[in-house]
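Take a look at the structure below.
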Amino acid sequence: MKVRVEVTRRPDIADPEGTTIKRALHDLDHTIVNEVRVDRVFHLDVEGDDAKEVHRRVADMCQQLLANPVLEDYEIEVLH
């Protein structure tokens, strides 16, 4: 099954990478940019026929490695 996982930093948590990119864009005269947030997307191809079980297992992967549950949220989309 194909699975898409989007990991986003929580809105109340600082995004130093986004701040650095915004500063660089301003230095390049792209001053129309007000904010930059950097997220990650994982595209997984996993074994399994049961979408609920695949979702559960990928959620475990997110909790253990793909996301930092203290700072980030994640959304899992099982695409079949």
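Every chain in the structure tokens takes a letter, A first, then B, and so on in the order presented; its residues are numbered from 1, and the ligands are numbered from 1 following the presented order.
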Would you please extract all strand (DSSP E or B) residues from chain A, as assigned by DSSP on the backbone, and give them as a compact mmCIF listing (two decimals) with N, CA and C atoms, in the first residue's frame?
```txt
# COMPACT_ATOMS: atom_id res chain seq x y z
N LYS A 2 0.41 2.25 -0.63
CA LYS A 2 1.09 3.54 -0.64
C LYS A 2 0.54 4.38 0.51
N VAL A 3 1.45 5.02 1.22
CA VAL A 3 1.06 5.85 2.36
C VAL A 3 1.81 7.17 2.27
N ARG A 4 1.09 8.24 2.55
CA ARG A 4 1.69 9.57 2.59
C ARG A 4 1.59 10.08 4.02
N VAL A 5 2.73 10.53 4.57
CA VAL A 5 2.78 11.06 5.93
C VAL A 5 3.29 12.50 5.84
N GLU A 6 2.52 13.44 6.37
CA GLU A 6 2.95 14.83 6.42
C GLU A 6 3.23 15.18 7.88
N VAL A 7 4.45 15.63 8.15
CA VAL A 7 4.87 16.00 9.50
C VAL A 7 5.02 17.51 9.53
N THR A 8 4.29 18.15 10.46
CA THR A 8 4.32 19.60 10.57
C THR A 8 4.70 20.00 11.99
N ARG A 9 5.47 21.06 12.08
CA ARG A 9 5.82 21.61 13.39
C ARG A 9 4.58 22.31 13.94
N ARG A 40 7.75 18.29 6.49
CA ARG A 40 8.31 17.13 5.79
C ARG A 40 7.17 16.24 5.31
N VAL A 41 7.40 15.62 4.16
CA VAL A 41 6.44 14.65 3.63
C VAL A 41 7.20 13.36 3.34
N PHE A 42 6.65 12.24 3.83
CA PHE A 42 7.21 10.92 3.57
C PHE A 42 6.25 10.16 2.68
N HIS A 43 6.78 9.51 1.66
CA HIS A 43 6.00 8.63 0.79
C HIS A 43 6.49 7.21 1.06
N LEU A 44 5.62 6.39 1.62
CA LEU A 44 6.00 5.04 1.99
C LEU A 44 5.26 4.03 1.12
N ASP A 45 5.93 2.96 0.80
CA ASP A 45 5.31 1.80 0.14
C ASP A 45 5.45 0.66 1.14
N GLU A 72 5.95 18.15 17.01
CA GLU A 72 5.34 18.03 15.68
C GLU A 72 4.04 17.24 15.72
N ASP A 73 3.21 17.53 14.73
CA ASP A 73 2.00 16.75 14.47
C ASP A 73 2.22 16.02 13.15
N TYR A 74 1.40 15.00 12.92
CA TYR A 74 1.50 14.30 11.65
C TYR A 74 0.13 13.84 11.19
N GLU A 75 0.01 13.73 9.88
CA GLU A 75 -1.20 13.21 9.25
C GLU A 75 -0.80 12.07 8.36
N ILE A 76 -1.59 10.99 8.44
CA ILE A 76 -1.31 9.80 7.65
C ILE A 76 -2.44 9.62 6.66
N GLU A 77 -2.08 9.41 5.41
CA GLU A 77 -3.06 9.15 4.36
C GLU A 77 -2.68 7.82 3.69
N VAL A 78 -3.56 6.82 3.87
CA VAL A 78 -3.35 5.53 3.22
C VAL A 78 -3.99 5.63 1.85
```
*For stretch 12-22 of chain A, please output as a list in words all residues within 7 Å (counting only C-alpha atoms; exclusion window: fewer than 5 positions along the same chain).*
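Skipping anything fewer than 5 positions along the chain leaves Val33, Glu35, Val36, Arg37, Val38 and Leu71 of chain A.
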Export of prior selection with N, CA, C and O atoms as a CSV table (one decimal), in the first residue's frame:
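As a result, part.csv now contains:
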```
chain,number,residue,atom,x,y,z
A,33,VAL,N,7.6,37.9,1.5
A,33,VAL,CA,7.5,36.7,2.3
A,33,VAL,C,7.3,37.2,3.7
A,33,VAL,O,8.2,37.8,4.3
A,35,GLU,N,6.2,34.8,6.3
A,35,GLU,CA,6.6,33.7,7.2
A,35,GLU,C,6.9,32.5,6.3
A,35,GLU,O,6.3,32.3,5.2
A,36,VAL,N,7.8,31.6,6.8
A,36,VAL,CA,8.2,30.4,6.2
A,36,VAL,C,8.1,29.3,7.3
A,36,VAL,O,8.7,29.5,8.4
A,37,ARG,N,7.4,28.2,7.0
A,37,ARG,CA,7.4,27.1,7.9
A,37,ARG,C,7.8,25.9,7.0
A,37,ARG,O,7.4,25.7,5.9
A,38,VAL,N,8.7,25.1,7.6
A,38,VAL,CA,9.3,23.9,6.9
A,38,VAL,C,8.7,22.7,7.4
A,38,VAL,O,8.7,22.4,8.6
A,71,LEU,N,7.1,18.1,19.5
A,71,LEU,CA,7.2,19.4,18.7
A,71,LEU,C,6.3,19.3,17.5
A,71,LEU,O,6.0,20.4,16.9
```
*Which of chain A fall in alpha helix (DSSP H), as an NGL selection string*: :A and (16-27 or 51-61)
*Excluding same-chain residues fewer than 6 positions from A:His80, what lies within 10 Å of it counting only C-alpha atoms, as a PyMOL selection string?*
chain A and resi 1-3+45-46+48-51+54
Preceding selection exported with C-alpha atoms as an mmCIF file, in the first residue's frame:
```
data_model
loop_
_atom_site.group_PDB
_atom_site.id
_atom_site.type_symbol
_atom_site.label_atom_id
_atom_site.label_comp_id
_atom_site.auth_asym_id
_atom_site.auth_seq_id
_atom_site.Cartn_x
_atom_site.Cartn_y
_atom_site.Cartn_z
ATOM 1 C CA MET A 1 0.000 0.000 0.000
ATOM 2 C CA LYS A 2 1.088 3.540 -0.645
ATOM 3 C CA VAL A 3 1.064 5.846 2.359
ATOM 4 C CA ASP A 45 5.308 1.804 0.138
ATOM 5 C CA VAL A 46 4.366 -0.752 2.799
ATOM 6 C CA GLY A 48 -0.401 -5.048 3.865
ATOM 7 C CA ASP A 49 -3.979 -5.292 2.652
ATOM 8 C CA ASP A 50 -5.822 -3.905 5.689
ATOM 9 C CA ALA A 51 -5.847 -0.085 5.550
ATOM 10 C CA VAL A 54 -1.354 -0.203 7.856
#
```
*Two-atom distance - atom CA of A:Val70, atom CA of A:Glu47 (Å)*: 28.4 Å
